[in-house]
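*Asks:* First the structure, then my questions, so here it is.
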Amino acid sequence: MGNNGNWEGDDEEEEELEHLRSYFLSKELASSAKRSKHKLTDINVVDEQELREAASQILPKHEIEVNTLMDSYKTIYPEWLLALRCGFGLLMYGFGSKKALIEDFASTALTEYSVVVVNGYLQTINLKQVVMALAEVLWDQVKTKRADKKRKGRASYGDLPKSQQPFSSQSMEDLLTFLDQVEIEDGDFFVCIVIHNIDGPGLRDTETQQYLARLAACAHIRMVASIDHVNASLFWDKNMAHTQFNWCWFHVPTFAPYKVEGMFNPLILAHGSANQFVKTATIVLLSLTRNAQSVFKVLAEHQLSHPEEGMAINDLYSVCRERFLVSSLVTLNAHLTEFKDHELVKIKRNPDGQDCLHIPLTAEALQKVMLDIN
């Protein structure tokens, strides 16, 4: 009887498994029958430029309430400044672009301090160039304060002429060491770095965030940053957030459109267009110095006259030096780094194997850019 009972149990289990197999098989057949044959490429999407123009015509709403909200933030500027003076970093979060708010705070409350701005919403950021700029600003301030007070100080690089320690030739570690160890008698003095979207695409990797944390921990550096990504706080561990960045979090929803930040990101279900790239390139170039624009014009003129060839860096340097646009190859490289970061210039190999500079625009688009910046 016991064996018969086991056989009966096995039969029931096998029958149940057969029912399960039949169930999942029927589901699979049903889903395959309902599967659409349409492809994403079949969608007739709108041109990106047309979509952006339509978006720009959307009228703002609740302007009175938004202006009242922005005015309320201005009343707490002294609190933000006090937090910076006490060694904290400011981290702004909330719905809406915070670019105008942070820049207004910097231009009105930080007038006694030097400010370096980083647009983290760009696709690529050269962090070493940022750190070099901070080192230059800090060193200039050190020299100015020493000259004003007519005193001689001792710092790690302080007594060396600047020409013997060019920041452009130093490694990232050397630059961070300088920023952390330079001695300034005025304990309240600092250089502020403003980072719009510290969670931006060009700053999201672990190594960059670690460098930014070390930068924020330097004695005479203060950081003001904004975030918009829902998972931005996952970039930092406890030590980075509470010790190195030492964030003070401020919820400051502005409900402002992300016009500038969104300009460098493609719109969903929209075709990219050459006109949009021309517009973006023009905006970037107009934000650069006159000399940088002139260097770009030299490169553009060469490309228009020699469309099949790039321009060698040495040739570009020779022309720019003749026109008194740059004084050294270091200055030219700084301009070229900025162009590369904004994807205005790429490296192209000529048929003879030489690496040359190339602007990734058609002749027609390049002529339009030249016309716009003139």
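Each chain in the structure tokens gets a letter, A, B and so on, in the order shown; residues start at 1 in every chain, and ligands are counted from 1 in the order they appear.
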For the strand (DSSP E or B) assignment from backbone DSSP, which residues of stretch 340-371 of chain A qualify? Please present them as an MDAnalysis selection string.

*Replies:* chainID A and resid 346:349 355:358

*Asks:* Those same residues, written as an mmCIF file, in the first residue's frame with N, CA, C and O atoms?

*Replies:*
```
data_model
loop_
_atom_site.group_PDB
_atom_site.id
_atom_site.type_symbol
_atom_site.label_atom_id
_atom_site.label_comp_id
_atom_site.auth_asym_id
_atom_site.auth_seq_id
_atom_site.Cartn_x
_atom_site.Cartn_y
_atom_site.Cartn_z
ATOM 1 N N LYS A 346 38.155 68.781 -33.391
ATOM 2 C CA LYS A 346 38.555 67.383 -33.244
ATOM 3 C C LYS A 346 39.909 67.166 -33.908
ATOM 4 O O LYS A 346 40.339 67.977 -34.732
ATOM 5 N N ILE A 347 40.574 66.100 -33.516
ATOM 6 C CA ILE A 347 41.856 65.736 -34.124
ATOM 7 C C ILE A 347 41.586 64.847 -35.335
ATOM 8 O O ILE A 347 40.855 63.868 -35.254
ATOM 9 N N LYS A 348 42.165 65.231 -36.458
ATOM 10 C CA LYS A 348 41.976 64.480 -37.711
ATOM 11 C C LYS A 348 43.347 64.171 -38.306
ATOM 12 O O LYS A 348 44.227 65.034 -38.331
ATOM 13 N N ARG A 349 43.531 62.957 -38.757
ATOM 14 C CA ARG A 349 44.815 62.560 -39.345
ATOM 15 C C ARG A 349 44.805 62.795 -40.851
ATOM 16 O O ARG A 349 43.930 62.283 -41.565
ATOM 17 N N ASP A 355 48.807 64.444 -37.419
ATOM 18 C CA ASP A 355 47.594 64.797 -36.677
ATOM 19 C C ASP A 355 47.337 66.291 -36.800
ATOM 20 O O ASP A 355 48.214 67.118 -36.506
ATOM 21 N N CYS A 356 46.123 66.638 -37.243
ATOM 22 C CA CYS A 356 45.782 68.043 -37.466
ATOM 23 C C CYS A 356 44.436 68.356 -36.828
ATOM 24 O O CYS A 356 43.668 67.463 -36.454
ATOM 25 N N LEU A 357 44.148 69.635 -36.709
ATOM 26 C CA LEU A 357 42.910 70.110 -36.099
ATOM 27 C C LEU A 357 41.831 70.252 -37.154
ATOM 28 O O LEU A 357 42.085 70.735 -38.259
ATOM 29 N N HIS A 358 40.621 69.856 -36.790
ATOM 30 C CA HIS A 358 39.507 69.886 -37.737
ATOM 31 C C HIS A 358 38.239 70.313 -37.004
ATOM 32 O O HIS A 358 37.953 69.857 -35.899
#
```

*Asks:* Mind the document's chain letters and residue numbers, and return as a VMD selection string the residues of stretch 155-356 of chain A that DSSP labels alpha helix (DSSP H).

*Replies:* chain A and resid 172 to 181 206 to 216 238 to 239 259 to 262 274 to 286 290 to 305 313 to 322 329 to 341

*Asks:* How about saving the chosen residues, C-alpha atoms kept, as a PDB file, in the first residue's frame?

*Replies:*
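Done, and the output landed in out_3.pdb:
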```
ATOM      1  CA  MET A 172      46.754  67.023 -10.557  1.00  0.00           C
ATOM      2  CA  GLU A 173      48.274  65.773  -7.282  1.00  0.00           C
ATOM      3  CA  ASP A 174      50.725  68.707  -7.186  1.00  0.00           C
ATOM      4  CA  LEU A 175      47.943  71.209  -7.848  1.00  0.00           C
ATOM      5  CA  LEU A 176      45.729  69.788  -5.100  1.00  0.00           C
ATOM      6  CA  THR A 177      48.694  69.790  -2.708  1.00  0.00           C
ATOM      7  CA  PHE A 178      49.334  73.450  -3.490  1.00  0.00           C
ATOM      8  CA  LEU A 179      45.679  74.387  -2.948  1.00  0.00           C
ATOM      9  CA  ASP A 180      45.591  72.494   0.346  1.00  0.00           C
ATOM     10  CA  GLN A 181      48.904  73.665   1.794  1.00  0.00           C
ATOM     11  CA  THR A 206      33.960  58.093  -9.664  1.00  0.00           C
ATOM     12  CA  GLU A 207      37.455  59.499 -10.204  1.00  0.00           C
ATOM     13  CA  THR A 208      36.161  62.986 -11.030  1.00  0.00           C
ATOM     14  CA  GLN A 209      33.882  63.044  -7.980  1.00  0.00           C
ATOM     15  CA  GLN A 210      36.788  61.988  -5.765  1.00  0.00           C
ATOM     16  CA  TYR A 211      38.939  64.795  -7.143  1.00  0.00           C
ATOM     17  CA  LEU A 212      36.099  67.279  -6.570  1.00  0.00           C
ATOM     18  CA  ALA A 213      35.752  66.049  -2.980  1.00  0.00           C
ATOM     19  CA  ARG A 214      39.473  66.565  -2.371  1.00  0.00           C
ATOM     20  CA  LEU A 215      39.207  69.998  -3.967  1.00  0.00           C
ATOM     21  CA  ALA A 216      36.306  70.955  -1.701  1.00  0.00           C
ATOM     22  CA  LYS A 238      29.721  59.164   4.024  1.00  0.00           C
ATOM     23  CA  ASN A 239      33.257  60.557   4.226  1.00  0.00           C
ATOM     24  CA  LYS A 259      16.997  76.328 -21.164  1.00  0.00           C
ATOM     25  CA  VAL A 260      20.785  76.523 -20.996  1.00  0.00           C
ATOM     26  CA  GLU A 261      21.331  73.112 -19.413  1.00  0.00           C
ATOM     27  CA  GLY A 262      19.058  71.374 -21.925  1.00  0.00           C
ATOM     28  CA  ALA A 274      22.986  70.950 -38.240  1.00  0.00           C
ATOM     29  CA  ASN A 275      21.223  74.219 -37.399  1.00  0.00           C
ATOM     30  CA  GLN A 276      21.110  73.264 -33.732  1.00  0.00           C
ATOM     31  CA  PHE A 277      24.837  72.457 -33.722  1.00  0.00           C
ATOM     32  CA  VAL A 278      25.562  75.817 -35.349  1.00  0.00           C
ATOM     33  CA  LYS A 279      23.482  77.585 -32.720  1.00  0.00           C
ATOM     34  CA  THR A 280      25.189  75.740 -29.883  1.00  0.00           C
ATOM     35  CA  ALA A 281      28.664  76.404 -31.318  1.00  0.00           C
ATOM     36  CA  THR A 282      27.848  80.106 -31.681  1.00  0.00           C
ATOM     37  CA  ILE A 283      26.652  80.390 -28.081  1.00  0.00           C
ATOM     38  CA  VAL A 284      29.785  78.652 -26.792  1.00  0.00           C
ATOM     39  CA  LEU A 285      32.134  80.819 -28.882  1.00  0.00           C
ATOM     40  CA  LEU A 286      30.418  84.045 -27.806  1.00  0.00           C
ATOM     41  CA  ARG A 290      38.031  87.676 -27.894  1.00  0.00           C
ATOM     42  CA  ASN A 291      41.401  85.990 -28.341  1.00  0.00           C
ATOM     43  CA  ALA A 292      39.842  82.524 -28.181  1.00  0.00           C
ATOM     44  CA  GLN A 293      37.308  83.550 -30.817  1.00  0.00           C
ATOM     45  CA  SER A 294      40.102  84.906 -33.012  1.00  0.00           C
ATOM     46  CA  VAL A 295      42.064  81.650 -32.700  1.00  0.00           C
ATOM     47  CA  PHE A 296      38.949  79.742 -33.789  1.00  0.00           C
ATOM     48  CA  LYS A 297      38.547  82.110 -36.753  1.00  0.00           C
ATOM     49  CA  VAL A 298      42.119  81.373 -37.893  1.00  0.00           C
ATOM     50  CA  LEU A 299      41.371  77.653 -37.821  1.00  0.00           C
ATOM     51  CA  ALA A 300      38.028  78.182 -39.598  1.00  0.00           C
ATOM     52  CA  GLU A 301      39.596  80.306 -42.346  1.00  0.00           C
ATOM     53  CA  HIS A 302      42.173  77.595 -43.021  1.00  0.00           C
ATOM     54  CA  GLN A 303      39.498  74.899 -43.161  1.00  0.00           C
ATOM     55  CA  LEU A 304      37.324  76.912 -45.555  1.00  0.00           C
ATOM     56  CA  SER A 305      40.266  77.466 -47.888  1.00  0.00           C
ATOM     57  CA  ILE A 313      49.043  72.827 -34.359  1.00  0.00           C
ATOM     58  CA  ASN A 314      52.453  74.314 -35.199  1.00  0.00           C
ATOM     59  CA  ASP A 315      51.008  76.067 -38.249  1.00  0.00           C
ATOM     60  CA  LEU A 316      48.131  77.422 -36.165  1.00  0.00           C
ATOM     61  CA  TYR A 317      50.582  78.618 -33.519  1.00  0.00           C
ATOM     62  CA  SER A 318      52.712  80.423 -36.114  1.00  0.00           C
ATOM     63  CA  VAL A 319      49.729  82.300 -37.577  1.00  0.00           C
ATOM     64  CA  CYS A 320      48.294  83.181 -34.147  1.00  0.00           C
ATOM     65  CA  ARG A 321      51.677  84.419 -32.936  1.00  0.00           C
ATOM     66  CA  GLU A 322      52.084  86.600 -36.026  1.00  0.00           C
ATOM     67  CA  LEU A 329      52.180  77.448 -27.048  1.00  0.00           C
ATOM     68  CA  VAL A 330      50.782  76.959 -23.525  1.00  0.00           C
ATOM     69  CA  THR A 331      48.212  79.710 -24.150  1.00  0.00           C
ATOM     70  CA  LEU A 332      47.234  78.182 -27.495  1.00  0.00           C
ATOM     71  CA  ASN A 333      46.841  74.737 -25.915  1.00  0.00           C
ATOM     72  CA  ALA A 334      44.555  76.245 -23.275  1.00  0.00           C
ATOM     73  CA  HIS A 335      42.290  77.608 -26.030  1.00  0.00           C
ATOM     74  CA  LEU A 336      42.376  74.301 -27.913  1.00  0.00           C
ATOM     75  CA  THR A 337      41.489  72.370 -24.754  1.00  0.00           C
ATOM     76  CA  GLU A 338      38.436  74.575 -24.351  1.00  0.00           C
ATOM     77  CA  PHE A 339      37.458  73.986 -27.988  1.00  0.00           C
ATOM     78  CA  LYS A 340      37.843  70.212 -27.567  1.00  0.00           C
ATOM     79  CA  ASP A 341      35.829  70.190 -24.330  1.00  0.00           C
TER      80      ASP A 341
END
```

*Asks:* State, in Å with one decimal place, the distance from atom CA of A:Ile76 to atom CA of A:Gly96.

*Replies:*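 Value for the atom CA of A:Ile76-atom CA of A:Gly96 distance: 18.6 Å.
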
*Asks:* From the list A:Ser107, A:Asn67, A:Ser114, A:Ser169, which residue is nearest A:Val191 when using only C-alpha atoms?

*Replies:*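 Distance minimum relative to A:Val191 lands on A:Ser114.
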
*Asks:* So, counting only C-alpha atoms, which residue among A:Met70, A:Leu91, A:Val345, A:Val115 is closest to A:Glu136?

*Replies:*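 Smallest separation from A:Glu136 among the options: A:Val115.
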
*Asks:* Between A:Ala217, A:Gly353, A:Ser97, A:Ser22, which one has atoms that come closest to A:His242, using only C-alpha atoms?

*Replies:*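 Result for the nearest residue to A:His242: A:Ala217.
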
*Asks:* Which is closer to A:Ala100 than all the others in A:Ser233, A:Asn350, A:Thr254, A:Thr75, using only C-alpha atoms?

*Replies:*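 Nearest to A:Ala100: A:Thr254.
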